[in-house]
Every structure is written in C-alpha cells, then in structure tokens.
$ cat start10.txt   # compact mmCIF, C-alpha atoms and all ligand atoms
# COMPACT_ATOMS: atom_id res chain seq x y z
CA MET A 1 76.94 96.81 97.63
CA LYS A 2 76.02 97.81 101.16
CA ALA A 3 77.81 96.16 104.08
CA ILE A 4 77.81 96.51 107.86
CA ALA A 5 81.35 97.15 109.04
CA VAL A 6 83.47 98.36 111.94
CA LYS A 7 86.83 100.11 112.13
CA PRO A 8 88.94 97.64 114.10
CA GLY A 9 90.58 99.36 117.06
CA THR A 10 87.95 102.10 117.28
CA PRO A 11 85.20 101.35 119.83
CA ASP A 12 81.60 101.68 118.69
CA SER A 13 82.49 102.25 115.05
CA VAL A 14 79.71 100.18 113.45
CA HIS A 15 78.67 101.81 110.16
CA LEU A 16 77.44 101.17 106.65
CA ALA A 17 80.30 100.56 104.21
CA GLU A 18 80.42 100.09 100.46
CA LEU A 19 81.89 96.95 98.87
CA GLU A 20 82.24 95.85 95.29
CA LYS A 21 79.91 93.01 94.30
CA PRO A 22 81.93 89.76 94.22
CA SER A 23 81.94 87.39 91.28
CA VAL A 24 82.32 83.59 90.94
CA THR A 25 85.57 84.22 89.07
CA ASP A 26 87.12 85.75 92.23
CA ILE A 27 87.73 82.13 93.29
CA PRO A 28 90.29 80.21 91.20
CA ASN A 29 89.80 76.95 89.29
CA GLY A 30 86.08 77.35 88.62
CA ARG A 31 85.29 76.54 92.25
CA GLY A 32 83.50 79.79 93.13
CA VAL A 33 79.99 79.88 94.56
CA LEU A 34 78.17 83.22 94.54
CA VAL A 35 75.53 83.55 97.24
CA ARG A 36 72.78 86.13 97.63
CA THR A 37 72.62 86.84 101.34
CA LEU A 38 69.20 86.31 102.92
CA LYS A 39 69.84 86.44 106.65
CA VAL A 40 72.84 86.97 108.91
CA GLY A 41 72.95 86.38 112.65
CA VAL A 42 75.07 88.37 115.08
CA ASP A 43 76.36 87.35 118.49
CA ALA A 44 78.64 88.42 121.35
CA THR A 45 81.64 88.16 119.02
CA ASP A 46 80.21 90.93 116.82
CA ARG A 47 79.48 93.01 119.92
CA GLU A 48 83.03 92.59 121.21
CA ILE A 49 84.51 93.40 117.79
CA ASN A 50 82.49 96.62 117.81
CA GLU A 51 83.86 97.28 121.31
CA ALA A 52 87.34 96.96 119.70
CA GLN A 53 88.30 94.05 121.98
CA TYR A 54 89.65 92.12 118.97
CA GLY A 55 89.17 91.75 115.21
CA GLN A 56 91.38 92.95 112.36
CA ALA A 57 90.55 94.36 108.93
CA PRO A 58 91.60 92.42 105.83
CA PRO A 59 94.89 93.59 104.29
CA GLY A 60 94.29 96.71 102.18
CA PHE A 61 91.13 97.76 104.06
CA ASP A 62 90.59 100.05 107.03
CA PHE A 63 87.26 98.42 107.85
CA LEU A 64 86.04 94.90 108.58
CA VAL A 65 82.64 93.70 107.41
CA ILE A 66 81.19 91.81 110.39
CA GLY A 67 78.69 88.93 110.64
CA HIS A 68 79.81 85.29 110.55
CA GLU A 69 76.46 83.45 110.82
CA SER A 70 75.36 83.24 107.20
CA PHE A 71 72.31 82.02 105.35
CA GLY A 72 71.65 82.62 101.67
CA ILE A 73 70.68 81.25 98.29
CA VAL A 74 73.16 80.21 95.62
CA GLU A 75 72.94 82.50 92.62
CA GLU A 76 75.76 81.32 90.37
CA VAL A 77 78.47 78.64 90.43
CA GLY A 78 81.82 78.17 88.69
CA GLU A 79 82.23 75.43 86.07
CA ASN A 80 83.89 72.94 88.43
CA VAL A 81 81.42 73.22 91.27
CA LYS A 82 79.72 69.89 91.95
CA ARG A 83 78.00 69.92 95.33
CA VAL A 84 75.77 72.99 95.13
CA GLN A 85 73.74 74.60 92.39
CA PRO A 86 71.80 77.82 91.86
CA GLY A 87 68.68 77.89 94.01
CA ASP A 88 70.20 75.86 96.88
CA TYR A 89 70.03 77.28 100.38
CA VAL A 90 73.45 77.40 101.99
CA THR A 91 75.45 78.55 104.95
CA CYS A 92 79.20 79.05 104.84
CA THR A 93 81.89 78.04 107.35
CA VAL A 94 83.79 80.80 109.16
CA ARG A 95 87.48 79.93 109.43
CA ARG A 96 89.86 79.69 106.47
CA PRO A 97 93.05 77.66 106.41
CA GLY A 98 96.40 79.05 107.47
CA GLY A 99 99.65 77.14 107.02
CA SER A 100 99.73 74.47 109.74
CA ILE A 101 99.37 70.74 109.14
CA PHE A 102 95.87 70.92 110.62
CA ASP A 103 94.87 73.61 108.13
CA LYS A 104 96.18 71.43 105.33
CA ILE A 105 94.02 68.45 106.28
CA GLY A 106 90.78 70.48 106.44
CA ARG A 107 91.01 71.09 110.20
CA SER A 108 91.53 74.85 110.30
CA ASP A 109 89.23 74.76 113.36
CA ILE A 110 92.21 73.34 115.28
CA THR A 111 94.94 75.33 113.58
CA SER A 112 98.13 75.41 115.62
CA GLU A 113 98.92 78.92 114.37
CA GLU A 114 98.21 81.87 116.67
CA GLU A 115 97.01 84.00 113.78
CA TYR A 116 93.67 82.78 112.47
CA TYR A 117 91.56 83.83 109.50
CA GLU A 118 87.83 84.06 110.15
CA ARG A 119 85.23 85.67 107.94
CA GLY A 120 83.64 88.59 109.78
CA ILE A 121 86.02 88.27 112.73
CA ASN A 122 89.68 88.38 111.79
CA LEU A 123 91.43 89.42 108.57
CA LEU A 124 88.54 88.45 106.24
CA HIS A 125 85.28 90.24 105.51
CA GLY A 126 82.10 88.71 106.88
CA TYR A 127 78.65 88.11 105.52
CA LEU A 128 76.68 91.24 106.52
CA THR A 129 76.46 92.38 102.93
CA GLU A 130 74.29 91.69 99.89
CA TYR A 131 76.35 88.96 98.19
CA PHE A 132 79.33 86.83 99.08
CA VAL A 133 81.50 84.40 97.19
CA ASP A 134 83.63 81.51 98.41
CA ASP A 135 85.14 78.19 97.43
CA GLU A 136 82.63 75.35 97.25
CA GLU A 137 84.73 73.59 99.91
CA PHE A 138 83.29 75.97 102.52
CA MET A 139 79.64 75.93 101.39
CA VAL A 140 77.25 73.82 103.41
CA ARG A 141 73.80 73.03 102.06
CA MET A 142 70.81 73.74 104.26
CA PRO A 143 67.78 71.53 103.51
CA VAL A 144 64.83 73.60 102.33
CA GLY A 145 62.78 72.22 105.23
CA LEU A 146 65.15 73.94 107.67
CA LYS A 147 64.87 77.35 106.05
CA HIS A 148 63.01 78.63 109.09
CA LEU A 149 66.08 77.94 111.29
CA HIS A 150 68.47 79.75 108.90
CA VAL A 151 71.19 81.48 110.97
CA LEU A 152 71.22 78.78 113.67
CA ALA A 153 73.44 76.58 111.46
CA GLU A 154 76.68 78.32 112.47
CA PRO A 155 76.17 78.42 116.26
CA MET A 156 74.89 74.84 116.00
CA SER A 157 78.16 73.83 114.31
CA CYS A 158 80.10 75.15 117.33
CA ALA A 159 77.83 73.22 119.71
CA ALA A 160 78.24 70.09 117.54
CA LYS A 161 82.01 70.41 117.72
CA ALA A 162 81.99 70.94 121.50
CA VAL A 163 79.99 67.75 122.12
CA GLU A 164 82.02 65.80 119.56
CA GLN A 165 85.27 66.85 121.22
CA ALA A 166 84.06 65.49 124.56
CA MET A 167 83.02 62.18 123.02
CA LEU A 168 86.32 61.82 121.16
CA ALA A 169 88.49 62.83 124.10
CA GLN A 170 86.66 60.50 126.46
CA GLN A 171 87.64 57.50 124.38
CA ARG A 172 90.65 57.61 126.71
CA LEU A 173 88.36 55.85 129.23
CA GLN A 174 87.57 52.85 126.99
CA VAL A 175 83.97 52.88 128.25
CA TRP A 176 82.16 56.14 128.80
CA GLU A 177 78.40 56.41 128.84
CA PRO A 178 77.58 59.87 130.15
CA LYS A 179 74.18 59.93 131.79
CA ARG A 180 74.09 63.30 133.54
CA ALA A 181 75.05 66.38 131.55
CA TRP A 182 75.02 70.00 132.59
CA VAL A 183 75.02 72.93 130.24
CA THR A 184 76.03 76.17 131.89
CA GLY A 185 74.62 79.18 130.05
CA SER A 186 71.42 79.45 128.08
CA GLY A 187 72.49 81.62 125.18
CA GLN A 188 72.42 80.11 121.72
CA ILE A 189 75.39 77.77 122.32
CA GLY A 190 73.95 76.62 125.65
CA LEU A 191 70.51 75.89 124.23
CA LEU A 192 71.84 74.19 121.10
CA SER A 193 74.22 72.06 123.19
CA THR A 194 71.24 71.16 125.38
CA LEU A 195 69.48 69.96 122.23
CA ILE A 196 72.36 67.75 121.10
CA LEU A 197 72.76 66.14 124.53
CA ARG A 198 69.02 65.50 124.78
CA LEU A 199 69.06 63.90 121.32
CA ARG A 200 71.89 61.65 122.58
CA GLY A 201 69.58 60.47 125.38
CA MET A 202 71.22 62.16 128.36
CA GLU A 203 69.45 63.70 131.33
CA VAL A 204 70.33 67.35 130.97
CA TRP A 205 70.32 70.32 133.32
CA THR A 206 70.55 73.74 131.72
CA LEU A 207 71.84 76.29 134.23
CA ALA A 208 71.57 80.05 133.84
CA ARG A 209 71.09 83.18 135.88
CA GLY A 210 67.51 84.07 134.94
CA LYS A 211 64.69 82.98 137.23
CA LYS A 212 61.70 81.13 135.83
CA PRO A 213 59.45 81.82 134.04
CA ASN A 214 61.48 83.05 131.10
CA LEU A 215 61.92 82.20 127.43
CA LYS A 216 65.24 80.40 127.84
CA ALA A 217 63.73 78.14 130.50
CA GLU A 218 60.74 77.50 128.25
CA ILE A 219 63.05 76.47 125.37
CA ALA A 220 65.27 74.26 127.55
CA GLU A 221 62.23 72.58 129.12
CA GLY A 222 60.65 72.25 125.69
CA MET A 223 63.58 69.97 124.85
CA GLY A 224 63.09 67.96 128.02
CA SER A 225 65.97 69.53 129.97
CA HIS A 226 65.75 70.67 133.61
CA TYR A 227 66.22 74.44 133.75
CA VAL A 228 67.88 75.63 136.95
CA SER A 229 68.35 79.28 137.85
CA THR A 230 71.67 79.84 139.61
CA ALA A 231 69.88 82.63 141.49
CA ASP A 232 67.93 79.86 143.28
CA LYS A 233 70.61 77.18 143.53
CA SER A 234 74.39 77.14 143.41
CA LEU A 235 76.29 74.60 141.31
CA LYS A 236 77.34 72.81 144.50
CA GLU A 237 73.77 72.62 145.80
CA LEU A 238 72.62 71.15 142.51
CA ALA A 239 75.44 68.59 142.54
CA ASP A 240 74.51 67.56 146.12
CA GLU A 241 70.88 67.24 145.17
CA CYS A 242 71.08 65.51 141.77
CA GLY A 243 74.60 64.08 141.63
CA LYS A 244 77.76 65.36 139.99
CA PRO A 245 77.62 65.57 136.20
CA ASP A 246 79.60 63.32 133.86
CA LEU A 247 79.81 66.09 131.29
CA ILE A 248 79.60 69.88 131.43
CA ILE A 249 79.36 72.08 128.34
CA GLU A 250 80.31 75.52 129.63
CA ALA A 251 78.85 78.39 127.62
CA THR A 252 78.12 81.24 130.02
CA GLY A 253 80.66 83.78 128.82
CA SER A 254 81.90 84.03 132.43
CA SER A 255 85.41 82.79 133.22
CA ALA A 256 84.42 82.65 136.90
CA VAL A 257 81.71 80.08 136.15
CA ALA A 258 84.10 78.19 133.86
CA PHE A 259 86.41 77.66 136.84
CA GLU A 260 83.55 77.03 139.29
CA CYS A 261 82.48 74.10 137.09
CA MET A 262 85.78 72.44 137.96
CA GLU A 263 84.56 72.06 141.55
CA VAL A 264 81.47 69.99 140.73
CA LEU A 265 82.45 67.64 137.90
CA GLY A 266 82.11 63.90 138.65
CA HIS A 267 84.93 61.34 138.50
CA ASN A 268 86.10 60.50 134.96
CA GLY A 269 84.07 63.50 133.79
CA CYS A 270 84.78 66.01 131.08
CA ILE A 271 84.23 69.77 130.83
CA VAL A 272 84.21 71.55 127.49
CA TRP A 273 84.87 75.29 127.66
CA THR A 274 83.30 77.17 124.73
CA SER A 275 83.10 80.79 125.94
CA ILE A 276 85.38 83.48 124.64
CA THR A 277 86.00 85.95 127.46
CA GLY A 278 87.70 89.04 126.12
CA GLY A 279 88.17 90.82 129.50
CA GLU A 280 90.82 90.89 132.21
CA ARG A 281 88.86 89.33 135.04
CA LYS A 282 90.66 87.48 137.86
CA VAL A 283 89.01 85.13 140.35
CA ASP A 284 90.16 83.10 143.35
CA VAL A 285 90.04 79.36 142.79
CA PRO A 286 90.33 76.67 145.51
CA SER A 287 93.34 75.34 143.69
CA ASP A 288 94.41 72.67 146.20
CA SER A 289 91.06 70.98 146.30
CA VAL A 290 90.51 71.23 142.54
CA ASN A 291 93.97 69.85 141.88
CA LEU A 292 93.42 67.00 144.35
CA ASN A 293 90.00 66.07 143.00
CA TRP A 294 91.02 66.29 139.39
CA VAL A 295 93.94 63.99 139.87
CA LEU A 296 92.04 61.52 142.05
CA GLY A 297 89.12 61.62 139.61
CA ASN A 298 91.01 61.44 136.30
CA LYS A 299 89.04 64.44 135.04
CA LEU A 300 89.44 66.21 131.72
CA LEU A 301 89.06 69.81 130.53
CA VAL A 302 88.87 70.59 126.79
CA GLY A 303 88.69 73.96 125.04
CA SER A 304 86.67 74.07 121.82
CA VAL A 305 86.42 76.87 119.29
CA ASN A 306 84.99 77.22 115.80
CA ALA A 307 83.82 74.30 113.66
CA ASN A 308 84.64 72.76 110.32
CA PHE A 309 82.51 71.49 107.46
CA ARG A 310 81.75 68.17 109.18
CA HIS A 311 80.51 69.92 112.33
CA PHE A 312 78.19 72.05 110.20
CA GLU A 313 76.82 68.90 108.60
CA SER A 314 76.28 67.06 111.86
CA GLY A 315 74.84 70.22 113.42
CA ILE A 316 72.38 70.60 110.57
CA SER A 317 71.33 66.93 110.92
CA ASP A 318 70.68 67.51 114.59
CA LEU A 319 68.72 70.70 113.86
CA ALA A 320 66.52 68.59 111.58
CA LEU A 321 66.09 65.83 114.16
CA GLY A 322 65.54 68.40 116.91
CA ASP A 323 62.92 70.20 114.88
CA VAL A 324 60.83 67.06 114.49
CA THR A 325 61.49 65.78 118.02
CA TYR A 326 60.58 69.05 119.75
CA PRO A 327 58.32 70.74 117.18
CA GLY A 328 58.18 74.51 117.28
CA VAL A 329 60.81 74.84 120.03
CA LEU A 330 63.99 75.71 118.12
CA GLU A 331 62.52 78.64 116.23
CA LYS A 332 61.81 80.32 119.58
CA ILE A 333 65.56 81.00 119.78
CA LEU A 334 65.21 83.40 116.83
CA THR A 335 63.83 86.28 118.89
CA SER A 336 65.02 89.48 117.31
CA PRO A 337 64.92 90.19 113.57
CA VAL A 338 66.10 93.50 112.13
CA ASP A 339 64.98 94.48 108.65
CA GLY A 340 67.67 95.51 106.18
CA LEU A 341 71.35 96.37 106.37
CA ASP A 342 70.44 100.05 106.81
CA ASN A 343 69.24 99.24 110.31
CA TYR A 344 72.73 98.43 111.59
CA ALA A 345 72.34 100.78 114.56
CA GLU A 346 69.22 98.98 115.73
CA MET A 347 71.01 95.65 115.24
CA MET A 348 73.85 96.73 117.53
CA ARG A 349 71.43 98.28 120.05
CA LEU A 350 69.54 94.99 120.39
CA LEU A 351 72.82 93.11 120.74
CA VAL A 352 74.16 95.41 123.45
CA GLU A 353 71.08 96.50 125.38
CA ASP A 354 68.22 94.07 124.98
CA ARG A 355 68.50 91.42 127.69
CA ASP A 356 65.62 89.48 126.12
CA ALA A 357 67.20 89.30 122.67
CA LEU A 358 68.34 85.68 122.55
CA LYS A 359 69.22 85.82 118.85
CA VAL A 360 69.56 89.01 116.84
CA TYR A 361 69.66 88.62 113.06
CA VAL A 362 69.32 90.81 109.99
CA ASN A 363 66.83 90.08 107.21
CA VAL A 364 69.05 91.15 104.35
CA ALA A 365 66.77 90.09 101.48
CA GLU A 366 63.67 88.04 100.74
CA GLY A 367 64.03 84.59 99.28
C1 LIG B 1 82.37 82.05 116.11
C2 LIG B 1 83.40 81.00 115.80
C3 LIG B 1 84.77 81.62 115.97
C4 LIG B 1 84.91 82.22 117.37
C5 LIG B 1 86.28 82.86 117.60
C6 LIG B 1 82.59 82.65 117.48
O1 LIG B 1 81.64 83.64 117.71
O2 LIG B 1 81.06 81.52 116.07
O3 LIG B 1 83.24 80.52 114.50
O4 LIG B 1 85.78 80.66 115.76
O5 LIG B 1 83.90 83.19 117.56
O6 LIG B 1 86.53 83.95 116.79
ZN ZN B 2 79.74 83.20 116.74

$ encode --input "start10.txt" --output "structure tokens"
Amino acid sequence: MKAIAVKPGTPDSVHLAELEKPSVTDIPNGRGVLVRTLKVGVDATDREINEAQYGQAPPGFDFLVIGHESFGIVEEVGENVKRVQPGDYVTCTVRRPGGSIFDKIGRSDITSEEEYYERGINLLHGYLTEYFVDDEEFMVRMPVGLKHLHVLAEPMSCAAKAVEQAMLAQQRLQVWEPKRAWVTGSGQIGLLSTLILRLRGMEVWTLARGKKPNLKAEIAEGMGSHYVSTADKSLKELADECGKPDLIIEATGSSAVAFECMEVLGHNGCIVWTSITGGERKVDVPSDSVNLNWVLGNKLLVGSVNANFRHFESGISDLALGDVTYPGVLEKILTSPVDGLDNYAEMMRLLVEDRDALKVYVNVAEG
C-alpha cells in the first residue's frame, strides 16, 4: 500500500512510503473496522511535521505516515462491531488513550500525560494511505448527505471542543449569555468556529489579516458574521467601535495575537486559545494592565486541543445544520484538491506556498 510519510527530525522529508495493508483482525476482540480511504485533509500540523518541528515515528519505524483528517468508506468489520457496517461513510478520531485517568474515561483529548499518541502526528501512523483499521470506538459515522464536506469533520471537531470548553468553563458565572463573539483567524478552525457561534445565535466578528474582497471574508459573511481585516482596524479600534467581546476563539496561529486578545476581552469574558505555535517567538505584553483588568474583570483563558468522539458527533451535527442554514457556503472552504497519493509533492507545495489554499486535501480514491 502506498502512503505519504515523513522522516521525523529531517526537514522537508515528505515522500511516498510502502505499508502493509491492514486487516480487521489487527484489532483485538472482533472490534476492528477496516476503512478504504477516500479523502484526507492536511493542515499546518502536517506542514510543521514536515519542517521537523515535532512529530515522532511509531516504534519500529523510521518514518511517520502523516494526515489526521480522515474520510473513508467502511469495507469490513469484526464480528463484535455494532455501530458501523460496510458501506458506511466514516471519519476517525485522532488521539489514542495513554495511561492517565482521563484517557481511561474516554477523554484522551485532555490527557494529563506529556506524551500523547495521535494518528498522523505523534507515535502512530496517520491516514494518508489506501486503507486504515481501528477500533470501532474511534470510528465516527458521517451521514451520506454530508459526503461533500468529507475532511471538514476533524477540524470541525476541534472547533466544537473549543466552543464547548468555553460554555462549560463559564458555568462558573452561574449566568452567562454571550452576545458578542470574536473569532481571530480565518483558517479552517476560525471559519468553523464562526459557524458554531452563529448557529448559537451570537453576533460574530471574524478577524483576519486579508483585506476584502477575499474568499475567507465571503465565507464568514455567508454565515452572517462581520469580517474585519486587521490591516484596516486594530483589535482595540474594533472593541472601541463595537464593544468588547464576551468570547474570543483565537485561531490565528500567532502567539502575538493570542496575547493581544487579552487586552480587549470584556468583563466576565472567556478566551479560548486553539493555535499551536511551534516557534520561539517572544513579544512584549502590557503585563500590569492585563493583570489588573483580568483580575478586576474576572476573566478566563482556556487552552483547547484535539477532540474526542463526542466533539466529532456534535461537530458533524453542526456541519449538517450549517449546511442547510447557509447553503453552499461550507463547501467553499474545500479549495484545493490534489489527485492521488503520488502527488504528495504538489500537496506539500500547496500547503507551504499557496496563500489562497484554505483547505488542501488528497483525493485518495473514488467512492
Ligand atoms: C489536530 C489535533 C491535534 C493537534 C495537536 C491538530 O492539527 O487537528 O487533533 O490534537 O494538532 O497535535
Ligand atoms: Zn489538524
């Protein structure tokens, strides 16, 4: 079987590797689900793994198959599998349990262990290959009517978790009805978070660098959000003009913006940080005034990574609702298909160089 892999630790090592075809019996207790891969999305994580910023090969291998945004069709199931059957469209979660109490209760997304196991990212092979197998516990059904949104299920699960974390954490306030929400960043997480907040009835501002007109603005506005280019208006100017936000979902990939958000959040507000910033950047922060305002305003900052089965399910429900509420808008995120695993170089080129590629994905097979 062909697979797209990197050599962890060696920059720009993306290549075609060879893997043995998996089988349902690789998973114990008749719980295996064998999936024929149809499409796999790639994101900044895959780019940074190829830049050797992080990512480790599974034990016994000197390469790591990348790709953690999966979409495929079930081909065969073990005798004890109940929830999925051959012919179902599925996506598969990313993280696998370690040993902490959180891992044991199905919450590997909040593992307390520093070492984490993620398919396509750390210590486990990913989905950029022809077939994959996993325990039914990690398989999430995609309704056939959402087939056209395929690889968005995984990024949507991360957005679903980010919003859920804010809602859960804000129960500390006893009453919290966020009205004004900002989303910083208009990559896939930013746009999908925008969708969830709009579906929850909030007034949403989606902030990003690009000036209008551009595709990201068109998508955000297509969901009824206000798109603001930070080239035209600073965060402070926007807060003065429209009021400080109750909630900020931060998804720019810039740690500087993540800290800048702390200067504009409203009283009792909550910021969720979702970006993974692999670099070594340092910025000055007005620490006295942030400290003062955060204490006087009882503000909250939450980090959110990954997503578990439940977040995939709620994300998929919101994709369905979003697709009928804003028809034709969500599929505009899927800008950049690449045909076949053989075209791995083009896949990485789009990911690294093409500023207009909002979502790069590989068409692995028809189905
Ligand atoms: C993935 C998450 C993962 C995170 C950290 C993201 O790109 O979508 O599932 O937990 O990277 O590795
Ligand atoms: Zn990702």

$ atom_distance --input "start10.txt" --atom1 "CA of Val264 in chain A" --atom2 "CA of Lys244 in chain A"
6.0 Å

$ closest_residue --input "start10.txt" --among "A:Ala162, A:Val74, A:Val272, A:Ile189" --to "Val133 in chain A" --atoms "all atoms listed in the file"
A:Val74

$ residues_around --input "start10.txt" --residues "Tyr89 in chain A" --least-positions-apart "2" --cutoff "8 Å" --atoms "only C-alpha atoms" --output "ChimeraX atom specification"
/A:71-74,87,91,141-144,147

$ closest_atom_pairs --input "start10.txt" --of "range 150-175 of chain A" --to "range 329-348 of chain A" --cutoff "10 Å" --atoms "only C-alpha atoms" --output "JSON lines"
{"residue": "A:His150", "atom": "CA", "partner": "A:Leu334", "partner_atom": "CA", "distance": 9.3}
{"residue": "A:Val151", "atom": "CA", "partner": "A:Leu334", "partner_atom": "CA", "distance": 8.6}
{"residue": "A:Leu152", "atom": "CA", "partner": "A:Leu334", "partner_atom": "CA", "distance": 8.2}

$ residues_around --input "start10.txt" --residues "Ala153 in chain A" --least-positions-apart "2" --cutoff "8 Å" --atoms "all atoms listed in the file" --output "compact mmCIF listing (two decimals) with C-alpha atoms, keeping the file's coordinate frame"
# COMPACT_ATOMS: atom_id res chain seq x y z
CA GLU A 69 76.46 83.45 110.82
CA THR A 91 75.45 78.55 104.95
CA LEU A 149 66.08 77.94 111.29
CA HIS A 150 68.47 79.75 108.90
CA VAL A 151 71.19 81.48 110.97
CA PRO A 155 76.17 78.42 116.26
CA MET A 156 74.89 74.84 116.00
CA SER A 157 78.16 73.83 114.31
CA PHE A 312 78.19 72.05 110.20
CA GLY A 315 74.84 70.22 113.42
CA ILE A 316 72.38 70.60 110.57
CA LEU A 319 68.72 70.70 113.86

$ residues_around --input "start10.txt" --residues "Pro178 in chain A" --least-positions-apart "5" --cutoff "8 Å" --atoms "all atoms listed in the file" --output "list in words"
Met202, Asp246 and Leu247 of chain A

$ closest_residue --input "start10.txt" --among "A:Lys21, A:Lys2, A:His311, A:Lys179" --to "ligand LIG 1 (chain B)" --atoms "all atoms listed in the file"
A:His311

$ axis_aligned_box --input "start10.txt" --around "ligand LIG 1 (chain B)" --padding-each-side "4 Å" --output "lines of an AutoDock Vina configuration file"
center_x = 83.8
center_y = 82.2
center_z = 116.1
size_x = 13.5
size_y = 11.4
size_z = 11.2

$ residues_near_ligand --input "start10.txt" --ligand "ligand LIG 1 (chain B)" --cutoff "6 Å" --atoms "all atoms listed in the file" --output "list of chain:residue names"
A:Thr45, A:Val94, A:Ile121, A:Pro155, A:Val305, A:Asn306

$ closest_residue --input "start10.txt" --among "A:His148, A:Lys359, A:His267, A:Arg349" --to "ligand ZN 2 (chain B)" --atoms "all atoms listed in the file"
A:Lys359

$ closest_residue --input "start10.txt" --among "A:Glu313, A:Asp240, A:Gly120, A:Asp88" --to "ligand ZN 2 (chain B)" --atoms "all atoms listed in the file"
A:Gly120

$ residues_around --input "start10.txt" --residues "Gln53 in chain A" --least-positions-apart "3" --cutoff "7 Å" --atoms "only C-alpha atoms" --output "NGL selection string"
:A and (48-49 or 278)

$ atom_distance --input "start10.txt" --atom1 "CA of Ser304 in chain A" --atom2 "CA of Glu115 in chain A"
16.4 Å

$ residues_around --input "start10.txt" --residues "Leu195 in chain A" --least-positions-apart "4" --cutoff "7 Å" --atoms "all atoms listed in the file" --output "list of chain:residue names"
A:Leu191, A:Leu199, A:Met223, A:Gly322

$ closest_residue --input "start10.txt" --among "A:Leu238, A:Leu215, A:Ala159, A:Ala365" --to "ligand ZN 2 (chain B)" --atoms "only C-alpha atoms and all ligand atoms"
A:Ala159
